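Q: My structure is in input.cif, and what it holds is mmCIF, C-alpha atoms:
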```
data_data
loop_
_atom_site.label_atom_id
_atom_site.label_comp_id
_atom_site.auth_asym_id
_atom_site.auth_seq_id
_atom_site.Cartn_x
_atom_site.Cartn_y
_atom_site.Cartn_z
CA LEU R 1 -68.51 3.45 107.47
CA VAL R 2 -72.23 3.54 106.62
CA GLU R 3 -73.79 0.46 104.98
CA VAL R 4 -76.19 1.31 102.12
CA ALA R 5 -78.68 -1.46 101.22
CA ASP R 6 -81.42 -1.99 98.61
CA ASN R 7 -80.20 0.55 96.14
CA LYS R 8 -82.36 1.16 93.08
CA ILE R 9 -80.23 0.45 90.04
CA CYS R 10 -81.10 2.61 87.07
CA PRO R 11 -82.13 0.37 84.12
CA LYS R 12 -80.60 2.87 81.70
CA CYS R 13 -77.26 3.92 83.13
CA SER R 14 -76.87 1.39 86.03
CA PHE R 15 -76.33 4.19 88.57
CA PRO R 16 -77.19 3.11 92.17
CA ASN R 17 -79.90 5.34 93.60
CA PRO R 18 -81.39 5.52 97.12
CA ILE R 19 -84.41 3.33 97.68
CA GLU R 20 -86.72 6.32 97.97
CA ALA R 21 -85.60 7.84 94.65
CA ILE R 22 -88.23 8.03 91.89
CA TYR R 23 -85.96 9.30 89.13
CA CYS R 24 -82.30 8.43 88.52
CA ARG R 25 -80.03 11.07 90.00
CA GLU R 26 -77.53 10.47 87.23
CA CYS R 27 -79.63 10.47 84.02
CA GLY R 28 -83.18 11.32 85.12
CA THR R 29 -84.76 8.03 84.01
CA LYS R 30 -87.80 6.94 86.02
CA LEU R 31 -86.80 4.14 88.41
CA PRO R 32 -88.59 0.87 89.24
CA ASP R 33 -91.26 0.87 91.94
CA ALA R 34 -91.14 -1.20 95.14
CA ASN R 35 -92.16 -4.33 93.19
CA GLY R 36 -89.36 -3.89 90.67
CA ASN R 37 -91.67 -2.68 87.88
CA LEU R 38 -91.28 0.23 85.53
CA GLU R 39 -93.94 2.26 83.78
CA LEU R 40 -93.90 1.94 80.01
CA THR R 41 -96.09 4.27 77.98
CA VAL R 42 -97.29 2.80 74.69
CA TYR R 43 -98.57 5.02 71.88
CA SER R 44 -100.22 3.36 68.88
CA SER R 45 -101.26 5.06 65.65
CA GLU R 46 -104.24 2.67 65.57
CA ILE R 47 -106.73 1.72 68.28
CA CYS R 48 -105.75 -1.78 69.38
CA ASP R 49 -108.12 -4.46 70.63
CA ARG R 50 -105.62 -5.15 73.39
CA ILE R 51 -102.14 -4.02 74.46
CA LEU R 52 -100.39 -6.45 76.81
CA ALA R 53 -96.99 -6.58 78.49
CA VAL R 54 -95.73 -10.17 78.19
CA GLU R 55 -95.11 -12.04 81.49
CA THR R 56 -97.32 -9.58 83.41
CA ASN R 57 -100.98 -8.97 84.06
CA SER R 58 -100.65 -5.41 82.87
CA TYR R 59 -102.84 -4.68 79.84
CA GLN R 60 -105.46 -2.34 78.46
CA THR R 61 -108.14 -2.81 75.82
CA ASN R 62 -109.58 -0.71 72.99
CA THR R 63 -106.96 1.98 73.28
CA SER R 64 -104.27 3.78 71.31
CA LYS R 65 -102.40 4.94 74.45
CA CYS R 66 -101.74 3.12 77.70
CA VAL R 67 -99.32 2.93 80.62
CA LEU R 68 -98.15 -0.60 81.46
CA LYS R 69 -96.27 -1.98 84.44
CA VAL R 70 -93.30 -3.93 83.10
CA PRO R 71 -90.33 -5.71 84.73
CA ALA R 72 -87.19 -3.62 85.13
CA LYS R 73 -85.27 -5.46 82.43
CA LYS R 74 -83.21 -4.29 79.52
CA SER R 75 -86.06 -5.17 77.15
CA VAL R 76 -89.64 -6.46 77.31
CA ASP R 77 -92.08 -7.80 74.73
CA ILE R 78 -95.40 -6.05 74.13
CA LEU R 79 -98.28 -7.83 72.38
CA LEU R 80 -100.66 -5.72 70.34
CA GLN R 81 -103.84 -7.25 68.97
CA CYS R 82 -105.39 -5.40 66.06
CA GLY R 83 -108.24 -6.85 64.04
CA GLY R 84 -107.86 -10.14 65.90
CA LYS R 85 -104.22 -10.56 64.81
CA PRO R 86 -101.39 -10.54 67.42
CA PHE R 87 -98.16 -8.64 66.83
CA ARG R 88 -95.09 -8.62 69.08
CA ILE R 89 -92.89 -5.55 69.58
CA THR R 90 -89.67 -5.71 71.62
CA THR R 91 -88.85 -2.42 73.34
CA ASP R 92 -85.44 -1.45 74.72
CA LEU R 93 -85.97 0.01 78.20
CA THR R 94 -82.37 1.20 78.41
CA LYS R 95 -83.16 3.74 75.69
CA SER R 96 -86.64 4.93 76.60
CA ASN R 97 -89.71 4.09 78.66
CA ILE R 98 -91.91 5.21 75.75
CA LEU R 99 -92.89 2.90 72.88
CA ASN R 100 -94.30 4.38 69.68
CA VAL R 101 -95.98 1.89 67.34
CA ASN R 102 -96.86 3.10 63.85
CA TRP R 103 -99.14 1.00 61.68
CA GLY R 104 -99.08 0.55 57.93
CA THR R 105 -100.89 -1.67 55.45
CA ILE R 106 -99.91 -4.38 52.98
CA GLU R 107 -102.26 -4.68 50.01
CA ILE R 108 -101.94 -8.25 48.74
CA ARG R 109 -103.03 -9.12 45.20
CA CYS R 110 -102.81 -12.43 43.32
CA THR R 111 -103.32 -13.01 39.61
CA ASP R 112 -105.25 -16.16 40.59
CA SER R 113 -106.55 -16.90 44.08
CA CYS R 114 -103.74 -18.49 46.08
CA GLN R 115 -102.51 -19.16 49.61
CA VAL R 116 -100.53 -16.37 51.27
CA ARG R 117 -98.32 -16.90 54.31
CA MET R 118 -96.83 -13.84 56.03
CA THR R 119 -94.12 -13.83 58.69
CA GLY R 120 -92.01 -11.12 60.29
CA ARG R 121 -90.02 -10.15 63.36
CA ASN R 122 -93.00 -8.20 64.71
CA MET R 123 -95.47 -11.06 64.17
CA ASP R 124 -96.32 -13.30 67.10
CA THR R 125 -97.65 -16.07 64.81
CA PRO R 126 -97.60 -16.48 61.01
CA LEU R 127 -100.59 -15.06 59.17
CA ILE R 128 -102.07 -17.51 56.63
CA ARG R 129 -104.76 -16.63 54.11
CA GLN R 130 -106.38 -19.25 51.87
CA ASN R 131 -107.71 -18.59 48.33
CA VAL R 132 -106.81 -14.91 48.37
CA SER R 133 -107.17 -12.73 45.29
CA MET R 134 -107.03 -9.41 47.20
CA ASP R 135 -106.55 -8.65 50.89
CA ILE R 136 -105.41 -5.69 52.98
CA VAL R 137 -103.50 -6.47 56.18
CA LYS R 138 -102.75 -3.90 58.89
CA VAL R 139 -99.27 -4.35 60.40
CA PRO R 140 -96.77 -2.39 62.54
CA TYR R 141 -93.91 -0.80 60.62
CA GLY R 142 -91.22 -3.37 59.90
CA VAL R 143 -89.95 -6.05 57.51
CA TYR R 144 -92.22 -8.91 56.47
CA ILE R 145 -91.82 -11.99 54.27
CA LEU R 146 -94.75 -13.03 52.06
CA ARG R 147 -94.85 -16.50 50.57
CA PHE R 148 -97.39 -17.25 47.83
CA GLU R 149 -98.36 -20.85 46.98
CA LEU R 150 -100.45 -22.05 44.03
CA ASP R 151 -100.65 -25.47 42.39
CA GLY R 152 -97.33 -26.61 43.85
CA GLU R 153 -95.39 -23.47 42.87
CA THR R 154 -94.18 -20.81 45.32
CA GLU R 155 -93.15 -17.18 45.11
CA GLU R 156 -91.53 -15.31 48.00
CA MET R 157 -90.88 -11.61 48.50
CA THR R 158 -89.71 -9.33 51.31
CA VAL R 159 -91.41 -5.98 51.97
CA ASN R 160 -90.39 -3.14 54.27
CA VAL R 161 -93.58 -1.47 55.50
CA HIS R 162 -93.45 2.23 56.33
CA GLY R 163 -96.94 3.27 55.23
CA LYS R 164 -98.99 1.76 52.41
CA THR R 165 -97.34 -1.10 50.53
CA LYS R 166 -98.70 -3.07 47.54
CA VAL R 167 -97.55 -6.60 46.76
CA GLU R 168 -98.68 -8.66 43.76
CA SER R 169 -97.95 -12.29 42.94
CA ASN R 170 -97.63 -13.43 39.34
CA LEU R 171 -98.41 -17.07 40.09
CA GLN R 172 -101.13 -18.43 37.83
CA ARG R 173 -103.35 -21.43 38.28
CA LYS R 174 -102.30 -24.48 36.29
CA TYR R 175 -104.86 -26.66 34.60
CA LYS R 176 -104.53 -30.34 33.87
CA LEU R 177 -104.77 -31.88 30.40
CA ILE R 178 -105.10 -35.65 30.09
CA ILE R 179 -104.93 -37.37 26.72
CA LYS R 180 -106.06 -41.00 26.75
CA SER R 181 -105.49 -43.13 23.68
CA ALA R 182 -106.80 -46.54 22.64
CA VAL R 183 -103.34 -47.26 21.21
CA LYS R 184 -99.87 -46.47 22.49
CA ILE R 185 -98.75 -42.81 22.32
CA ASP R 186 -95.13 -42.51 21.23
CA ARG R 187 -94.60 -38.79 21.73
CA VAL R 188 -96.38 -35.46 21.87
CA THR R 189 -95.24 -32.09 20.56
CA ILE R 190 -96.68 -28.88 21.97
CA ASP R 191 -96.85 -25.73 19.82
CA ASN R 192 -94.35 -27.34 17.42
CA GLY R 193 -91.81 -27.48 20.22
CA ASN R 194 -89.61 -30.33 21.35
CA ALA R 195 -91.26 -33.74 21.45
CA VAL R 196 -92.15 -35.31 24.79
CA ASP R 197 -91.69 -39.09 24.84
CA VAL R 198 -94.71 -40.86 26.35
CA GLN R 199 -94.57 -44.60 25.59
CA SER R 200 -97.95 -45.29 27.20
CA ASN R 201 -101.66 -44.86 26.54
CA LYS R 202 -101.93 -41.75 28.68
CA PHE R 203 -100.33 -38.28 28.57
CA LEU R 204 -100.61 -35.85 31.50
CA TRP R 205 -99.66 -32.17 31.14
CA ARG R 206 -100.21 -29.10 33.33
CA ASN R 207 -99.92 -25.44 32.38
CA THR R 208 -101.45 -22.01 32.82
CA GLN R 209 -104.48 -20.78 30.92
CA GLY R 210 -103.87 -20.31 27.20
CA THR R 211 -104.29 -21.77 23.72
CA TYR R 212 -101.95 -24.62 22.81
CA THR R 213 -101.54 -26.85 19.76
CA PHE R 214 -100.77 -30.53 20.35
CA ARG R 215 -99.66 -33.17 17.87
CA ILE R 216 -99.98 -36.74 19.16
CA TYR R 217 -98.03 -39.56 17.51
CA ALA R 218 -99.37 -43.08 18.05
CA THR R 219 -98.35 -46.57 16.97
CA SER R 220 -100.18 -49.89 16.69
CA ILE R 221 -99.03 -53.25 15.39
CA ASN R 222 -100.49 -52.46 11.95
CA GLY R 223 -99.32 -48.89 11.46
CA SER R 224 -98.73 -45.44 12.88
CA GLY R 225 -100.38 -42.05 12.65
CA SER R 226 -100.77 -38.65 14.23
CA TYR R 227 -103.49 -36.34 15.45
CA GLU R 228 -103.36 -32.56 15.80
CA THR R 229 -105.64 -30.47 18.00
CA THR R 230 -105.73 -26.93 19.39
CA ILE R 231 -107.05 -26.50 22.92
CA ASN R 232 -108.01 -23.40 24.88
CA LEU R 233 -106.86 -24.58 28.29
CA ASN R 234 -109.01 -22.77 30.87
CA LYS R 235 -110.10 -25.75 32.97
CA ASP R 236 -109.08 -29.35 33.61
CA THR R 237 -109.55 -31.14 30.30
CA MET R 238 -109.51 -34.76 29.12
CA ILE R 239 -109.36 -36.00 25.52
CA GLU R 240 -110.03 -39.62 24.61
CA LEU R 241 -108.78 -40.75 21.21
CA GLN R 242 -110.27 -43.71 19.34
CA TRP R 243 -108.24 -44.78 16.32
CA CYS R 244 -108.81 -46.96 13.27
CA HIS R 245 -106.67 -48.20 10.40
CA ILE R 246 -106.96 -47.01 6.84
CA ASN R 247 -105.64 -49.71 4.50
CA VAL R 248 -104.34 -48.37 1.19
CA LYS R 249 -103.69 -50.56 -1.84
CA THR R 250 -101.74 -49.19 -4.78
CA ASN R 251 -100.80 -50.63 -8.14
CA GLY R 252 -97.06 -50.27 -7.92
CA GLN R 253 -94.91 -47.62 -6.29
CA ALA R 254 -96.61 -44.44 -5.06
CA THR R 255 -95.97 -41.56 -2.70
CA ALA R 256 -98.79 -40.95 -0.22
CA ILE R 257 -99.44 -37.67 1.54
CA PHE R 258 -101.90 -38.09 4.40
CA ARG R 259 -103.22 -34.87 5.94
CA GLN R 260 -105.74 -34.32 8.76
CA ASP R 261 -108.35 -31.67 8.00
CA ALA R 262 -107.27 -28.21 9.24
CA ALA R 263 -103.96 -29.57 10.57
CA SER R 264 -100.67 -27.83 9.83
CA SER R 265 -98.63 -31.01 9.35
CA GLN R 266 -98.84 -34.12 7.18
CA THR R 267 -97.53 -37.67 6.88
CA ARG R 268 -95.55 -38.61 3.76
CA ILE R 269 -95.01 -42.25 2.75
CA THR R 270 -93.35 -43.76 -0.32
CA HIS R 271 -94.43 -47.37 -0.69
CA ASN R 272 -94.64 -50.14 -3.30
CA GLY R 273 -97.98 -51.89 -2.87
CA SER R 274 -100.32 -51.78 0.11
CA PHE R 275 -99.76 -50.03 3.45
CA SER R 276 -101.73 -49.01 6.52
CA LEU R 277 -102.30 -45.63 8.17
CA LEU R 278 -103.57 -44.88 11.68
CA ALA R 279 -106.20 -42.12 12.01
CA VAL R 280 -108.52 -40.78 14.71
CA ARG R 281 -112.15 -41.68 14.19
CA GLY R 282 -114.58 -39.04 13.02
CA ILE R 283 -111.90 -36.62 11.77
CA LYS R 284 -111.86 -35.80 8.04
CA HIS R 285 -108.56 -36.60 6.25
CA GLU R 286 -107.20 -36.09 2.77
CA LEU R 287 -105.20 -38.85 1.08
CA GLN R 288 -103.15 -37.91 -2.00
CA LEU R 289 -101.40 -40.62 -3.98
CA THR R 290 -98.79 -39.70 -6.61
CA LYS R 291 -97.17 -42.20 -8.95
CA PRO R 292 -93.65 -41.75 -10.35
CA HIS R 293 -94.91 -40.62 -13.75
CA GLY R 294 -97.01 -37.85 -12.10
CA GLU R 295 -100.50 -39.34 -11.97
CA THR R 296 -102.27 -38.08 -8.81
CA HIS R 297 -105.28 -39.39 -6.98
CA LYS R 298 -107.01 -37.53 -4.10
CA GLU R 299 -109.57 -38.92 -1.72
CA ILE R 300 -111.38 -37.52 1.32
CA ILE R 301 -111.70 -40.05 4.12
CA THR R 302 -113.60 -39.80 7.41
CA PRO R 303 -112.75 -42.92 9.44
CA LYS R 304 -115.75 -44.36 11.30
#
```
Do you think you could lay out the structure here as structure tokens?

A:
Amino acid sequence: LVEVADNKICPKCSFPNPIEAIYCRECGTKLPDANGNLELTVYSSEICDRILAVETNSYQTNTSKCVLKVPAKKSVDILLQCGGKPFRITTDLTKSNILNVNWGTIEIRCTDSCQVRMTGRNMDTPLIRQNVSMDIVKVPYGVYILRFELDGETEEMTVNVHGKTKVESNLQRKYKLIIKSAVKIDRVTIDNGNAVDVQSNKFLWRNTQGTYTFRIYATSINGSGSYETTINLNKDTMIELQWCHINVKTNGQATAIFRQDAASSQTRITHNGSFSLLAVRGIKHELQLTKPHGETHKEIITPK
């Protein structure tokens, strides 16, 4: 019997080869050298700042093709730095000792500047961009997840890059509207929609840019009233409302219609004697009193 020692095991087919063999006698794969390293040829469609075999000192810079010394394992990780960004590619050495890396681009667009976070299997670390409205990122072919964040809202999408890919987020910046009132706000309706109960002297609302109509209902110990305003919300806005009472005295029963100038709604009251209305200062109002027999009285009032 002859004892055979230190066989070179083929990383592809596991065939034992003599120690002096360079190529596997079974499948022709190039075998590890005396230090147990294999040669891996990396081709990149882009010139990389650096191509590095992880866990080794084998690397080359400013190149699109290089030959690296890598451990004779089933797979190794290769780091490619392009434009200062690191990407990680895992290559299967049992299939080939050649790694082809093709690069594509992701064109990122946001309706309003937002934060973009990108992750993927080929990324060594997440890529985070702040206040982006448009950006082009160069990446190896593969699947990536983009997460957009703006004013507390998020949007996430998955893209499969095999060339040029465009991604656009529909997130829009939200602006803040604050309504402060000298008297208690009962509720607010927006664009004649459902009423929002407030029960305080302050109303906070956030939404995207646009034109909105608000009707604010307020109550004091001497009466109640409403105020209507249309706002083009394109920045953070605050409205401060100062109210006053309009005391109305009538000789007998009368129906009062109280309308703010240019407003679409009105307040209707049927009362016998005097009553009080709440109105915002400096806004012109129309008061119309109608008695049961049809007599009508109109008056224009601008509370000071």

Q: Do a neighbour search on Asn37 of chain R at 9 Å with all atoms listed in the file, toss out local chain neighbours closer than 3 positions, and write the hits as a PyMOL selection string.

A: chain R and resi 31-34+69-73

Q: Applying the PyMOL selection byres ((chain R and resi 177) around 6) to the file I just gave you, which residues come out? Please list them as a compact mmCIF listing (two decimals) with C-alpha atoms, in the frame of the given file.

A:
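The result, written out as selection.txt:
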```txt
# COMPACT_ATOMS: atom_id res chain seq x y z
CA LYS R 176 -104.53 -30.34 33.87
CA ILE R 178 -105.10 -35.65 30.09
CA LEU R 204 -100.61 -35.85 31.50
CA TRP R 205 -99.66 -32.17 31.14
CA ASP R 236 -109.08 -29.35 33.61
CA THR R 237 -109.55 -31.14 30.30
CA MET R 238 -109.51 -34.76 29.12
```

Q: Which residues match the PyMOL selection byres ((chain R and resi 227) around 10) in the file above, as a list in words?

A: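 So the PyMOL selection byres ((chain R and resi 227) around 10) ends up selecting Val188, Phe214, Arg215, Ile216, Tyr217, Ala218, Gly225, Ser226, Glu228, Thr229, Leu241, Trp243, Arg259, Gln260, Ala263, Ser265, Gln266, Leu278, Ala279, Val280 and Ile283 of chain R.
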
Q: As a short mmCIF file (atom, residue, chain, number, x, y, z; two decimals) with C-alpha atoms, in the coordinates of the input, please: the residues near Thr125 of chain R (cut-off 9 Å, only C-alpha atoms, same-chain neighbours under 5 positions excluded).

A:
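What ended up in result-v8.cif:
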```cif
data_model
loop_
_atom_site.label_atom_id
_atom_site.label_comp_id
_atom_site.auth_asym_id
_atom_site.auth_seq_id
_atom_site.Cartn_x
_atom_site.Cartn_y
_atom_site.Cartn_z
CA LYS R 85 -104.22 -10.56 64.81
CA PRO R 86 -101.39 -10.54 67.42
CA PHE R 87 -98.16 -8.64 66.83
CA ARG R 88 -95.09 -8.62 69.08
CA THR R 119 -94.12 -13.83 58.69
CA GLY R 120 -92.01 -11.12 60.29
#
```

Q: Report the distance between atom CA of Asn234 of chain R and atom CA of Asn207 of chain R in Å, rounded to one decimal place.

A: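 Interatomic distance here is 9.6 Å.
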
Q: (-96.0, -14.6, 72.5) in this file's frame - what residues fall within 12 Å of it? Use only C-alpha atoms and give the answer as a list in words.

A: Leu52, Ala53, Val54, Glu55, Val76, Asp77, Ile78, Leu79, Leu80, Gln81, Lys85, Pro86, Phe87, Arg88, Ile89, Thr90, Arg121, Asn122, Met123, Asp124, Thr125 and Pro126 of chain R

Q: Box in all listed atoms of segment 233-244 of chain R, axis-aligned, with 4 Å more on each side; write out centre and edge lengths in Å to one decimal as JSON.

A:
```
{"center_x": -108.6, "center_y": -34.9, "center_z": 23.4, "size_x": 11.4, "size_y": 32.2, "size_z": 28.3}
```

Q: Quick one: which residues end up in the PyMOL selection byres ((chain R and resi 158) around 10) for this structure, as a list in words?

A: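 Matching residues under the PyMOL selection byres ((chain R and resi 158) around 10) are Met118, Thr119, Gly120, Val143, Tyr144, Ile145, Leu146, Arg147, Glu156, Met157, Val159, Asn160, Val161 and Val167 of chain R.
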
Q: Please measure the separation of atom CA of Thr208 of chain R and atom CA of Cys110 of chain R, giving the value in Å to one decimal.

A: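 One can read the atom CA of Thr208 of chain R to atom CA of Cys110 of chain R distance as 14.3 Å.
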
Q: Which of these residues is nearest to Gln172 of chain R, using all atoms listed in the file: R:Asp191, R:Asp112, R:Asp186, R:Val67?

A: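 That would be R:Asp112, the residue with the smallest distance to Gln172 of chain R.
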
Q: Mind listing whatever residues come within 9 Å of the point (-94.4, -44.3, -0.5)? Use all atoms listed in the file, file coordinates, and give them as a list in words.

A: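 Collected hits near the coordinates: Gln253, Ala254, Thr255, Ala256, Ile257, Arg268, Ile269, Thr270, His271, Asn272, Gly273, Phe275, Leu289 and Thr290 of chain R.
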
Q: What is the atom CA of Glu168 of chain R-atom CA of Pro140 of chain R distance in Å, reported with one decimal?

A: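 Computing it gives 19.9 Å between the two atoms.
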
Q: Using only C-alpha atoms for the distances, tell me which of R:Ile108, R:Leu99, R:Cys114, R:Ile128 is nearest to Ser75 of chain R.

A: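 Checking each of R:Ile108, R:Leu99, R:Cys114, R:Ile128 against Ser75 of chain R, counting only C-alpha atoms, the winner is R:Leu99.
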
Q: For Gly83 of chain R, work out the shell of residues within 12 Å, counting only C-alpha atoms and skipping chain neighbours fewer than 4 positions away, then give it as a list in words.

A: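 Here the answer would be Glu46, Ile47, Cys48, Asp49, Arg50, Asn62, Phe87, Ile136, Val137, Lys138 and Val139 of chain R.
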
Q: Using all atoms listed in the file, which of the listed residues (R:Leu38, R:Cys27, R:Ile22, R:Leu171) sits closest to Ser113 of chain R?

A: R:Leu171

Q: Name the closest residue to Thr105 of chain R among the candidates R:Ser264, R:Thr165, R:Ser276, R:Thr29; distances are taken between atoms, counting all atoms listed in the file.

A: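 Of all the options, R:Thr165 lies closest to Thr105 of chain R.
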
Q: Could you tell me which of R:Lys164, R:Ser181, R:Tyr141, R:Thr63 comes closest to Val101 of chain R if we count only C-alpha atoms?

A: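 Of R:Lys164, R:Ser181, R:Tyr141, R:Thr63, the one nearest Val101 of chain R is R:Tyr141, counting only C-alpha atoms.
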
Q: Would you mind listing, for every residue of segment 77-191 of chain R within 8 Å of segment 195-201 of chain R, the two atoms forming the shortest contact and the distance between them in Å to one decimal, using all atoms listed in the file, sorted by chain and ascending residue number, as a tab-separated table?

A:
```
residue	atom	partner	partner_atom	distance
R:Lys180	CA	R:Asn201	CA	5.9
R:Ser181	CA	R:Asn201	CA	5.1
R:Ala182	CA	R:Asn201	CA	6.7
R:Val183	CA	R:Asn201	CA	6.1
R:Lys184	CA	R:Asn201	CA	4.7
R:Ile185	CA	R:Asn201	CA	5.5
R:Asp186	CA	R:Gln199	CA	4.9
R:Arg187	CA	R:Asp197	CA	4.3
R:Val188	CA	R:Val196	CA	5.1
R:Thr189	CA	R:Ala195	CA	4.4
R:Ile190	CA	R:Ala195	CA	7.3
```

Q: Between R:Ser96, R:Ser274, R:Thr211, R:Asn232, which has the minimum distance to Asn251 of chain R (counting all atoms listed in the file)?

A: R:Ser274

Q: Take segment 191-198 of chain R from the preceding structure and save all heavy atoms as a compact mmCIF listing (two decimals), in the first residue's frame.

A:
```
# COMPACT_ATOMS: atom_id res chain seq x y z
N ASP R 191 -63.75 72.24 4.34
CA ASP R 191 -64.36 72.02 3.02
C ASP R 191 -65.74 71.41 3.12
O ASP R 191 -66.09 70.49 2.36
CB ASP R 191 -63.45 71.14 2.15
CG ASP R 191 -62.21 71.88 1.70
OD1 ASP R 191 -62.21 73.12 1.66
OD2 ASP R 191 -61.22 71.20 1.39
N ASN R 192 -66.51 71.87 4.11
CA ASN R 192 -67.89 71.40 4.32
C ASN R 192 -67.94 69.90 4.60
O ASN R 192 -68.95 69.24 4.34
CB ASN R 192 -68.77 71.72 3.10
CG ASN R 192 -68.88 73.22 2.87
OD1 ASN R 192 -68.99 73.98 3.82
ND2 ASN R 192 -68.82 73.64 1.62
N GLY R 193 -66.86 69.38 5.13
CA GLY R 193 -66.82 67.96 5.47
C GLY R 193 -67.32 67.72 6.88
O GLY R 193 -68.02 68.55 7.47
N ASN R 194 -66.96 66.57 7.43
CA ASN R 194 -67.38 66.23 8.78
C ASN R 194 -66.72 67.17 9.78
O ASN R 194 -65.58 67.60 9.61
CB ASN R 194 -67.00 64.79 9.10
CG ASN R 194 -67.78 63.80 8.24
OD1 ASN R 194 -68.92 64.05 7.87
ND2 ASN R 194 -67.15 62.68 7.91
N ALA R 195 -67.45 67.47 10.84
CA ALA R 195 -66.95 68.39 11.86
C ALA R 195 -65.92 67.69 12.74
O ALA R 195 -66.05 66.51 13.06
CB ALA R 195 -68.10 68.91 12.70
N VAL R 196 -64.90 68.44 13.12
CA VAL R 196 -63.88 67.96 14.05
C VAL R 196 -64.13 68.65 15.39
O VAL R 196 -64.08 69.88 15.49
CB VAL R 196 -62.47 68.29 13.54
CG1 VAL R 196 -61.41 67.80 14.53
CG2 VAL R 196 -62.24 67.69 12.16
N ASP R 197 -64.41 67.86 16.43
CA ASP R 197 -64.62 68.44 17.76
C ASP R 197 -63.29 68.93 18.32
O ASP R 197 -62.27 68.24 18.22
CB ASP R 197 -65.22 67.40 18.71
CG ASP R 197 -66.67 67.09 18.36
OD1 ASP R 197 -67.34 67.99 17.83
OD2 ASP R 197 -67.11 65.94 18.59
N VAL R 198 -63.30 70.13 18.90
CA VAL R 198 -62.06 70.72 19.42
C VAL R 198 -62.12 70.89 20.93
O VAL R 198 -61.29 70.37 21.66
CB VAL R 198 -61.78 72.07 18.73
CG1 VAL R 198 -60.46 72.66 19.23
CG2 VAL R 198 -61.75 71.90 17.22
```
